[in-house]
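So this one's start32.txt, compact mmCIF, C-alpha atoms:
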# COMPACT_ATOMS: atom_id res chain seq x y z
CA MET J 1 20.36 0.32 -7.61
CA ASN J 2 22.70 -2.38 -6.36
CA GLN J 3 21.40 -5.75 -7.60
CA SER J 4 22.14 -7.45 -4.29
CA LYS J 5 19.84 -4.91 -2.63
CA ILE J 6 17.16 -5.58 -5.25
CA GLN J 7 17.42 -9.31 -4.57
CA GLU J 8 17.15 -8.65 -0.85
CA LEU J 9 13.92 -6.69 -1.41
CA LYS J 10 12.56 -9.48 -3.62
CA ASN J 11 13.28 -12.02 -0.89
CA ILE J 12 11.53 -9.86 1.70
CA ALA J 13 8.53 -9.41 -0.61
CA LYS J 14 8.27 -13.17 -1.02
CA GLN J 15 8.19 -13.56 2.77
CA ILE J 16 5.56 -10.81 3.03
CA ARG J 17 3.39 -12.67 0.51
CA LYS J 18 3.78 -15.89 2.51
CA ASP J 19 2.73 -14.04 5.66
CA ILE J 20 -0.30 -12.60 3.86
CA LEU J 21 -1.52 -16.00 2.73
CA GLU J 22 -0.94 -17.68 6.08
CA MET J 23 -2.51 -15.00 8.25
CA ILE J 24 -5.62 -14.66 6.07
CA THR J 25 -6.06 -18.45 6.02
CA ALA J 26 -5.68 -18.57 9.82
CA ALA J 27 -8.26 -15.78 10.17
CA GLY J 28 -10.70 -17.42 7.78
CA SER J 29 -11.39 -14.04 6.19
CA GLY J 30 -9.54 -11.14 4.63
CA HIS J 31 -8.39 -9.64 1.35
CA PRO J 32 -5.53 -11.53 -0.32
CA GLY J 33 -5.73 -10.18 -3.89
CA GLY J 34 -5.09 -6.50 -3.19
CA SER J 35 -2.64 -7.27 -0.40
CA LEU J 36 -0.49 -9.31 -2.79
CA SER J 37 -0.63 -6.65 -5.51
CA ALA J 38 0.53 -3.97 -3.07
CA ALA J 39 3.31 -5.97 -1.41
CA ASP J 40 6.27 -4.89 -3.55
CA ILE J 41 5.53 -1.19 -3.15
CA MET J 42 5.18 -1.48 0.62
CA VAL J 43 8.43 -3.45 0.82
CA ALA J 44 10.25 -0.76 -1.17
CA LEU J 45 8.92 1.87 1.23
CA TYR J 46 9.51 0.12 4.55
CA PHE J 47 12.78 -1.65 3.74
CA HIS J 48 14.46 0.96 1.57
CA LYS J 49 12.91 4.37 1.13
CA MET J 50 11.16 5.63 4.25
CA LYS J 51 12.80 7.17 7.28
CA HIS J 52 11.28 5.33 10.23
CA ASN J 53 12.38 3.76 13.48
CA PRO J 54 10.49 0.82 15.04
CA GLU J 55 12.11 1.61 18.39
CA LYS J 56 10.68 5.15 18.22
CA PRO J 57 7.38 4.78 16.36
CA ASP J 58 6.35 8.37 17.15
CA TRP J 59 9.65 9.93 16.05
CA PRO J 60 8.53 13.39 14.82
CA ASP J 61 10.79 13.39 11.76
CA ARG J 62 9.69 10.01 10.43
CA ASP J 63 8.15 9.57 7.01
CA ARG J 64 4.51 8.50 7.17
CA PHE J 65 2.64 5.80 5.26
CA VAL J 66 -1.16 5.93 5.03
CA LEU J 67 -2.87 2.83 3.68
CA SER J 68 -6.04 4.37 2.29
CA LYS J 69 -7.13 1.01 0.83
CA GLY J 70 -7.27 -0.30 4.38
CA HIS J 71 -8.46 -3.80 3.43
CA ALA J 72 -4.89 -4.52 2.20
CA CYS J 73 -3.67 -4.30 5.81
CA PRO J 74 -2.22 -7.86 5.87
CA ALA J 75 0.62 -6.54 3.69
CA LEU J 76 1.07 -3.57 6.02
CA TYR J 77 1.00 -5.72 9.16
CA SER J 78 3.62 -8.06 7.73
CA CYS J 79 5.90 -5.15 6.76
CA LEU J 80 5.55 -3.68 10.26
CA ALA J 81 6.27 -7.00 11.96
CA ARG J 82 9.23 -7.79 9.71
CA SER J 83 10.55 -4.25 10.34
CA GLY J 84 10.46 -4.83 14.10
CA TYR J 85 7.38 -2.91 15.27
CA PHE J 86 5.92 -5.98 16.97
CA PRO J 87 6.64 -9.74 17.10
CA VAL J 88 6.06 -11.71 13.90
CA SER J 89 4.11 -14.24 15.98
CA LYS J 90 1.29 -11.66 16.29
CA LEU J 91 0.50 -11.94 12.58
CA LYS J 92 -1.50 -15.12 13.18
CA THR J 93 -3.88 -13.10 15.39
CA LEU J 94 -5.25 -11.21 12.36
CA ARG J 95 -8.97 -10.45 12.83
CA LYS J 96 -9.09 -12.29 16.15
CA LEU J 97 -11.11 -10.83 19.03
CA GLY J 98 -8.87 -8.54 21.07
CA SER J 99 -6.02 -8.54 18.56
CA CYS J 100 -4.35 -5.27 17.61
CA LEU J 101 -4.39 -6.52 14.01
CA GLN J 102 -7.98 -6.01 12.97
CA GLY J 103 -9.48 -6.35 9.48
CA HIS J 104 -8.66 -2.70 8.80
CA PRO J 105 -5.88 -0.66 10.41
CA GLU J 106 -6.56 1.06 13.73
CA ARG J 107 -3.98 3.67 14.67
CA ASP J 108 -4.18 3.45 18.45
CA ARG J 109 -4.05 -0.34 18.62
CA CYS J 110 -0.65 -0.97 17.06
CA ASN J 111 2.72 0.76 16.76
CA GLY J 112 3.56 1.88 13.24
CA ILE J 113 0.00 2.45 12.00
CA GLU J 114 -0.41 6.11 11.06
CA ALA J 115 -4.11 6.20 10.21
CA SER J 116 -7.28 4.25 10.91
CA THR J 117 -8.65 3.44 7.47
CA GLY J 118 -11.34 1.26 6.00
CA PRO J 119 -14.07 3.55 4.64
CA LEU J 120 -12.61 4.06 1.19
CA GLY J 121 -11.66 7.51 -0.07
CA GLN J 122 -10.49 9.08 3.17
CA GLY J 123 -6.77 8.34 3.24
CA LEU J 124 -5.68 11.08 0.85
CA SER J 125 -7.45 13.75 2.91
CA PHE J 126 -5.78 12.39 6.03
CA ALA J 127 -2.39 12.43 4.28
CA ASN J 128 -2.99 16.05 3.24
CA GLY J 129 -3.53 16.97 6.88
CA ILE J 130 -0.29 15.31 7.97
CA ALA J 131 1.56 16.99 5.09
CA LEU J 132 0.15 20.44 5.92
CA ALA J 133 1.18 19.97 9.55
CA GLY J 134 4.68 19.09 8.36
CA LYS J 135 4.87 22.28 6.33
CA LEU J 136 3.70 24.36 9.28
CA ASP J 137 6.20 22.67 11.61
CA LYS J 138 9.04 23.10 9.09
CA LYS J 139 9.56 19.33 8.89
CA ASP J 140 10.95 17.63 5.81
CA TYR J 141 9.18 14.29 6.17
CA LYS J 142 7.24 12.72 3.29
CA VAL J 143 3.72 11.34 3.45
CA TYR J 144 3.16 8.29 1.27
CA VAL J 145 -0.45 7.25 0.70
CA MET J 146 -1.60 4.13 -1.14
CA LEU J 147 -4.91 4.19 -3.00
CA GLY J 148 -6.86 1.45 -4.74
CA ASP J 149 -8.10 1.94 -8.28
CA GLY J 150 -11.65 1.05 -7.25
CA GLU J 151 -11.23 3.56 -4.44
CA VAL J 152 -10.55 6.46 -6.80
CA GLN J 153 -14.14 6.15 -8.00
CA GLU J 154 -14.96 7.95 -4.73
CA GLY J 155 -15.71 11.67 -5.02
CA ASN J 156 -13.81 12.66 -1.89
CA ILE J 157 -10.57 11.43 -3.49
CA TRP J 158 -10.93 14.20 -6.06
CA GLU J 159 -11.70 16.86 -3.46
CA ALA J 160 -8.53 15.77 -1.67
CA ALA J 161 -6.59 15.74 -4.95
CA MET J 162 -7.58 19.38 -5.52
CA ALA J 163 -6.46 20.27 -2.01
CA SER J 164 -3.09 18.54 -2.43
CA SER J 165 -2.42 20.61 -5.53
CA HIS J 166 -3.90 23.86 -4.20
CA TYR J 167 -1.64 23.79 -1.14
CA LYS J 168 1.39 22.74 -3.23
CA LEU J 169 1.95 19.65 -1.09
CA ASP J 170 5.16 18.38 -2.62
CA ASN J 171 5.59 16.24 0.51
CA VAL J 172 2.62 14.07 -0.56
CA ILE J 173 3.42 11.06 -2.73
CA ALA J 174 0.36 9.03 -3.62
CA ILE J 175 0.67 5.54 -5.06
CA LEU J 176 -2.19 4.01 -7.00
CA ASP J 177 -2.27 0.20 -6.77
CA HIS J 178 -3.61 -0.07 -10.31
CA ASN J 179 -4.55 -3.75 -10.52
CA ARG J 180 -7.74 -2.99 -12.48
CA LEU J 181 -10.00 -5.21 -10.35
CA GLN J 182 -12.34 -4.51 -7.44
CA ILE J 183 -14.77 -6.59 -5.43
CA ASP J 184 -17.45 -6.45 -8.14
CA GLY J 185 -15.15 -7.20 -11.07
CA GLU J 186 -13.25 -5.08 -13.57
CA VAL J 187 -12.86 -1.44 -12.57
CA SER J 188 -13.52 -0.38 -16.16
CA LYS J 189 -16.94 -2.08 -16.10
CA VAL J 190 -18.00 -1.01 -12.60
CA LYS J 191 -17.09 2.65 -13.14
CA ASN J 192 -14.31 3.45 -15.57
CA ILE J 193 -11.55 5.67 -14.14
CA GLU J 194 -9.45 6.04 -17.28
CA PRO J 195 -7.51 7.99 -18.38
CA ILE J 196 -6.43 8.11 -14.74
CA ASP J 197 -3.02 9.66 -15.49
CA GLU J 198 -4.54 12.58 -17.40
CA LYS J 199 -7.12 13.15 -14.67
CA PHE J 200 -4.50 13.58 -11.96
CA LYS J 201 -2.43 15.79 -14.28
CA ALA J 202 -5.50 17.96 -14.81
CA PHE J 203 -5.81 18.28 -11.04
CA GLY J 204 -2.27 19.67 -10.88
CA TRP J 205 -0.28 16.57 -9.95
CA HIS J 206 3.06 15.35 -11.23
CA VAL J 207 2.28 11.86 -12.57
CA ILE J 208 4.60 8.94 -13.24
CA THR J 209 3.46 5.50 -14.47
CA ILE J 210 5.48 2.48 -13.42
CA ASP J 211 5.50 -1.31 -13.18
CA GLY J 212 4.46 -1.80 -9.57
CA HIS J 213 6.35 -5.10 -9.33
CA ASP J 214 9.70 -3.87 -10.67
CA PHE J 215 11.85 -2.76 -7.74
CA ASN J 216 14.22 -0.79 -9.95
CA GLN J 217 11.32 1.27 -11.30
CA ILE J 218 9.64 1.65 -7.91
CA ILE J 219 12.80 2.91 -6.23
CA ASP J 220 13.86 5.14 -9.13
CA THR J 221 10.48 6.87 -9.22
CA LEU J 222 10.36 7.29 -5.44
CA GLU J 223 13.72 9.05 -5.74
CA GLN J 224 12.36 11.21 -8.58
CA ALA J 225 9.41 12.22 -6.42
CA ASP J 226 11.81 13.75 -3.90
CA LYS J 227 12.88 16.29 -6.53
CA ILE J 228 9.39 17.50 -7.48
CA LYS J 229 8.65 20.91 -5.97
CA ASN J 230 5.37 22.78 -5.40
CA LYS J 231 3.07 19.95 -6.48
CA PRO J 232 2.13 16.48 -5.22
CA THR J 233 3.26 13.34 -7.03
CA MET J 234 1.11 10.42 -8.15
CA LEU J 235 2.79 7.11 -8.96
CA ILE J 236 0.42 4.99 -11.02
CA ALA J 237 1.71 1.51 -10.28
CA ASN J 238 0.47 -1.04 -12.78
CA THR J 239 0.08 -4.21 -10.72
CA ILE J 240 -1.49 -7.66 -10.85
CA LYS J 241 -4.13 -8.60 -8.29
CA GLY J 242 -2.91 -11.70 -6.47
CA LYS J 243 0.65 -11.23 -7.76
CA GLY J 244 2.97 -14.15 -7.02
CA VAL J 245 0.23 -16.78 -6.70
CA LYS J 246 -0.85 -18.03 -10.13
CA CYS J 247 -4.23 -19.36 -9.03
CA MET J 248 -5.13 -15.92 -7.65
CA GLU J 249 -3.65 -13.63 -10.29
CA ASN J 250 -6.10 -11.36 -12.12
CA LYS J 251 -9.12 -12.95 -10.44
CA ALA J 252 -11.61 -10.63 -8.76
CA GLU J 253 -13.03 -13.46 -6.66
CA TRP J 254 -9.86 -13.33 -4.54
CA HIS J 255 -10.53 -9.73 -3.59
CA GLY J 256 -12.07 -10.68 -0.25
CA LYS J 257 -11.94 -14.45 0.19
CA ALA J 258 -9.64 -16.48 2.42
CA PRO J 259 -8.00 -19.64 1.09
CA SER J 260 -8.88 -22.96 2.68
CA GLU J 261 -6.03 -25.01 4.16
CA ASN J 262 -5.86 -27.08 0.96
CA GLU J 263 -5.88 -23.94 -1.18
CA LEU J 264 -3.17 -22.45 1.02
CA ASN J 265 -0.88 -25.40 0.29
CA VAL J 266 -1.37 -24.86 -3.44
CA CYS J 267 -0.78 -21.11 -3.07
CA LEU J 268 2.44 -21.64 -1.12
CA GLN J 269 3.70 -24.09 -3.73
CA GLU J 270 3.03 -21.53 -6.45
CA LEU J 271 4.64 -18.77 -4.41
CA ALA J 272 7.76 -20.93 -3.98
CA GLN J 273 8.20 -20.80 -7.77
CA TYR J 274 7.73 -17.03 -7.92
CA GLY J 275 10.69 -14.79 -8.67
This entry written out as structure tokens:
Amino acid sequence: MNQSKIQELKNIAKQIRKDILEMITAAGSGHPGGSLSAADIMVALYFHKMKHNPEKPDWPDRDRFVLSKGHACPALYSCLARSGYFPVSKLKTLRKLGSCLQGHPERDRCNGIEASTGPLGQGLSFANGIALAGKLDKKDYKVYVMLGDGEVQEGNIWEAAMASSHYKLDNVIAILDHNRLQIDGEVSKVKNIEPIDEKFKAFGWHVITIDGHDFNQIIDTLEQADKIKNKPTMLIANTIKGKGVKCMENKAEWHGKAPSENELNVCLQELAQYG
């Protein structure tokens, strides 16, 4: 990968993180930790990998992105705005009455949102449906779906994982935002999911483990996933909750808490030093 392109993606990701912090602070509520951990992966998808067109959001041949961990929607909204789906100025309306940018994504309220998500565990099933439709329609689009590691404690994730494998959905690429923290603390203490790589392999998936903040690795593995045939791919992305903001990193209390204005200033100062 060209290093100038990598630097461009890093710069975009830094802006996305700034947007996340500012919009959640303006809203007075939201989920900064998991939005920040997922930012680099979403940037790689929207600004490098996926086929999509903001001027034609319903283009039939587009790649699809399903944010199953819907509470991380500030990262998604920022990527959509910075891609041109709607004005950046709308980001400050997050969670406001009447805004199209609610606390979880709603498909019919905003261009670029593929699925209404929020109840955890449903996004992979939804992605399977889109992928099956693509197979039936002889389309070559990919369906990318992001899961949270607390989310994969849900039983319906594993029903969906069996279906992905059973129907040989090689157009499904799931990405696990593996930051190891959920709202109640450490995933391993709430309900341990390890060894998560072996579990998905046992369900018939091709599994790759990566550093979810290394753009070279993210992009290389997304390219590898294109070559996998007759089985779905799971990218286990090892990430840091709150990545880029030292006072938030690896702290479960920032799962669902908005910064105050004073805390925002500290966060932005720390983010300025990031990367």
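Distances to Gln182 of chain J were evaluated for J:Glu8, J:Glu253, J:Glu106, J:Asp220 using all atoms listed in the file, and the minimum falls at J:Glu253.
Summary of the local environment: counting all atoms listed in the file, residues at most 6 Å from segment 31-38 of chain J, other than itself and those fewer than 3 positions away along its chain, are Ile41, Ala72, Ala75, Thr239, Ile240, Lys241, Gly242, Lys243, Trp254, His255 and Gly256 of chain J.
Comparing the minimum interatomic distances between Ile228 of chain J and each of J:Lys10, J:His52, J:Lys189, J:Lys142, counting all atoms listed in the file, we find that J:Lys142 sits nearest.
A cut-off of 12 Å from the point (2.4, -26.4, 6.7), with all atoms listed in the file, picks out the residues Lys18, Leu21, Glu22, Thr25, Ala26, Glu261, Asn262, Glu263, Leu264, Asn265, Val266, Cys267, Leu268 and Gln269 of chain J.
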Q: Excluding segment 156-158 of chain J and any residue of its chain fewer than 4 positions from it, enumerate the residues within 9 Å of it, using all atoms listed in the file, and give them as number ranges by chain.
A: J: 120-125, 151-152, 162-163, 200, 203
Q.
Just checking: using all atoms listed in the file, which residue out of J:Asn111, J:Met248, J:Ala237, J:Arg82 ends up closest to Phe215 of chain J?
A. J:Ala237
Q.
Residues near Leu176 of chain J, anyone? I mean within 7 Å using only C-alpha atoms, not counting same-chain ones fewer than 5 positions away, as a PyMOL selection string.
A. chain J and resi 146-149+235-237
Q: Might you pull out every residue within 12 Å of segment 223-226 of chain J, with all atoms listed in the file counted and same-chain residues fewer than 3 positions away left off, and present them as a PyMOL selection string?
A: chain J and resi 1+44-45+48-50+140-144+169-175+205-208+216-220+229-235
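Closest approach to Gln15 of chain J among J:His104, J:Asn2, J:Ser78, J:Glu194 is made by J:Ser78 (distances from all atoms listed in the file).
Take the candidates J:Gly212, J:Gly112, J:Pro195, J:Gly134 and check each one against Leu67 of chain J using all atoms listed in the file; the shortest distance goes to J:Gly112.
Closest approach to Lys201 of chain J among J:Ala161, J:Phe65, J:Phe126, J:Gly103: J:Ala161, based on all atoms listed in the file.
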(Q) Show me, as a PyMOL selection string, the residues that have an atom within 12 Å of Arg107 of chain J when counting only C-alpha atoms, minus same-chain residues fewer than 4 positions from it. (A) chain J and resi 57-58+65-67+70+73+77+100-102+111-118
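Taking atom CA of Arg180 of chain J and atom CA of Ala202 of chain J as endpoints, the distance between them is 21.2 Å.
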Q. If you measure from atom CA of Asp214 of chain J to atom CA of Asp197 of chain J, what distance in Å do you get, rounded to one decimal?
A. 19.2 Å
Q. Please, what distance in Å, to one decimal, runs between atom CA of Ile130 of chain J and atom CA of Val145 of chain J?
A. 10.9 Å
Starting from the incomplete input, reconstruct N, CA and C atoms of segment 55-90 of chain J and report them as an mmCIF file, in the frame of the given file.
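result_15.cif, written as the output of this step:
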data_model
loop_
_atom_site.group_PDB
_atom_site.id
_atom_site.type_symbol
_atom_site.label_atom_id
_atom_site.label_comp_id
_atom_site.auth_asym_id
_atom_site.auth_seq_id
_atom_site.Cartn_x
_atom_site.Cartn_y
_atom_site.Cartn_z
ATOM 1 N N GLU J 55 11.876 1.402 16.966
ATOM 2 C CA GLU J 55 12.110 1.610 18.390
ATOM 3 C C GLU J 55 11.547 2.961 18.870
ATOM 4 N N LYS J 56 11.285 3.851 17.905
ATOM 5 C CA LYS J 56 10.680 5.150 18.220
ATOM 6 C C LYS J 56 9.559 5.411 17.216
ATOM 7 N N PRO J 57 8.443 4.687 17.368
ATOM 8 C CA PRO J 57 7.380 4.780 16.360
ATOM 9 C C PRO J 57 6.771 6.162 16.206
ATOM 10 N N ASP J 58 6.897 7.013 17.225
ATOM 11 C CA ASP J 58 6.350 8.370 17.150
ATOM 12 C C ASP J 58 7.421 9.423 16.898
ATOM 13 N N TRP J 59 8.567 9.011 16.410
ATOM 14 C CA TRP J 59 9.650 9.930 16.050
ATOM 15 C C TRP J 59 9.087 11.047 15.156
ATOM 16 N N PRO J 60 9.181 12.307 15.564
ATOM 17 C CA PRO J 60 8.530 13.390 14.820
ATOM 18 C C PRO J 60 9.017 13.568 13.386
ATOM 19 N N ASP J 61 10.235 13.171 13.099
ATOM 20 C CA ASP J 61 10.790 13.390 11.760
ATOM 21 C C ASP J 61 10.616 12.192 10.834
ATOM 22 N N ARG J 62 9.870 11.201 11.263
ATOM 23 C CA ARG J 62 9.690 10.010 10.430
ATOM 24 C C ARG J 62 8.873 10.326 9.184
ATOM 25 N N ASP J 63 9.086 9.569 8.131
ATOM 26 C CA ASP J 63 8.150 9.570 7.010
ATOM 27 C C ASP J 63 6.906 8.804 7.439
ATOM 28 N N ARG J 64 5.778 9.156 6.836
ATOM 29 C CA ARG J 64 4.510 8.500 7.170
ATOM 30 C C ARG J 64 3.982 7.702 5.986
ATOM 31 N N PHE J 65 3.325 6.577 6.285
ATOM 32 C CA PHE J 65 2.640 5.800 5.260
ATOM 33 C C PHE J 65 1.183 5.639 5.669
ATOM 34 N N VAL J 66 0.282 6.051 4.796
ATOM 35 C CA VAL J 66 -1.160 5.930 5.030
ATOM 36 C C VAL J 66 -1.715 4.930 4.031
ATOM 37 N N LEU J 67 -2.269 3.844 4.541
ATOM 38 C CA LEU J 67 -2.870 2.830 3.680
ATOM 39 C C LEU J 67 -4.356 3.175 3.522
ATOM 40 N N SER J 68 -4.656 3.959 2.486
ATOM 41 C CA SER J 68 -6.040 4.370 2.290
ATOM 42 C C SER J 68 -6.917 3.175 1.935
ATOM 43 N N LYS J 69 -6.396 2.248 1.115
ATOM 44 C CA LYS J 69 -7.130 1.010 0.830
ATOM 45 C C LYS J 69 -6.881 0.054 1.993
ATOM 46 N N GLY J 70 -7.574 0.343 3.107
ATOM 47 C CA GLY J 70 -7.270 -0.300 4.380
ATOM 48 C C GLY J 70 -7.453 -1.804 4.388
ATOM 49 N N HIS J 71 -8.241 -2.351 3.460
ATOM 50 C CA HIS J 71 -8.460 -3.800 3.430
ATOM 51 C C HIS J 71 -7.187 -4.567 3.064
ATOM 52 N N ALA J 72 -6.173 -3.873 2.530
ATOM 53 C CA ALA J 72 -4.890 -4.520 2.200
ATOM 54 C C ALA J 72 -3.953 -4.535 3.404
ATOM 55 N N CYS J 73 -4.503 -4.387 4.610
ATOM 56 C CA CYS J 73 -3.670 -4.300 5.810
ATOM 57 C C CYS J 73 -2.825 -5.538 6.099
ATOM 58 N N PRO J 74 -3.159 -6.757 5.621
ATOM 59 C CA PRO J 74 -2.220 -7.860 5.870
ATOM 60 C C PRO J 74 -0.812 -7.568 5.351
ATOM 61 N N ALA J 75 -0.700 -6.908 4.202
ATOM 62 C CA ALA J 75 0.620 -6.540 3.690
ATOM 63 C C ALA J 75 1.297 -5.535 4.618
ATOM 64 N N LEU J 76 0.527 -4.561 5.100
ATOM 65 C CA LEU J 76 1.070 -3.570 6.020
ATOM 66 C C LEU J 76 1.508 -4.216 7.328
ATOM 67 N N TYR J 77 0.660 -5.078 7.903
ATOM 68 C CA TYR J 77 1.000 -5.720 9.160
ATOM 69 C C TYR J 77 2.282 -6.540 9.038
ATOM 70 N N SER J 78 2.410 -7.254 7.930
ATOM 71 C CA SER J 78 3.620 -8.060 7.730
ATOM 72 C C SER J 78 4.854 -7.182 7.633
ATOM 73 N N CYS J 79 4.758 -6.072 6.878
ATOM 74 C CA CYS J 79 5.900 -5.150 6.760
ATOM 75 C C CYS J 79 6.270 -4.580 8.130
ATOM 76 N N LEU J 80 5.270 -4.223 8.935
ATOM 77 C CA LEU J 80 5.550 -3.680 10.260
ATOM 78 C C LEU J 80 6.214 -4.719 11.154
ATOM 79 N N ALA J 81 5.689 -5.946 11.132
ATOM 80 C CA ALA J 81 6.270 -7.000 11.960
ATOM 81 C C ALA J 81 7.697 -7.313 11.530
ATOM 82 N N ARG J 82 7.902 -7.446 10.226
ATOM 83 C CA ARG J 82 9.230 -7.790 9.710
ATOM 84 C C ARG J 82 10.213 -6.628 9.873
ATOM 85 N N SER J 83 9.688 -5.408 10.064
ATOM 86 C CA SER J 83 10.550 -4.250 10.340
ATOM 87 C C SER J 83 10.909 -4.144 11.814
ATOM 88 N N GLY J 84 10.150 -4.841 12.680
ATOM 89 C CA GLY J 84 10.460 -4.830 14.100
ATOM 90 C C GLY J 84 9.502 -4.049 14.976
ATOM 91 N N TYR J 85 8.330 -3.673 14.454
ATOM 92 C CA TYR J 85 7.380 -2.910 15.270
ATOM 93 C C TYR J 85 6.679 -3.782 16.311
ATOM 94 N N PHE J 86 6.513 -5.051 16.015
ATOM 95 C CA PHE J 86 5.920 -5.980 16.970
ATOM 96 C C PHE J 86 6.330 -7.397 16.549
ATOM 97 N N PRO J 87 6.188 -8.389 17.428
ATOM 98 C CA PRO J 87 6.640 -9.740 17.100
ATOM 99 C C PRO J 87 5.902 -10.343 15.908
ATOM 100 N N VAL J 88 6.650 -11.056 15.077
ATOM 101 C CA VAL J 88 6.060 -11.710 13.900
ATOM 102 C C VAL J 88 4.962 -12.684 14.321
ATOM 103 N N SER J 89 5.102 -13.266 15.501
ATOM 104 C CA SER J 89 4.110 -14.240 15.980
ATOM 105 C C SER J 89 2.706 -13.637 16.067
ATOM 106 N N LYS J 90 2.607 -12.314 16.192
ATOM 107 C CA LYS J 90 1.290 -11.660 16.290
ATOM 108 C C LYS J 90 0.507 -11.722 14.982
#
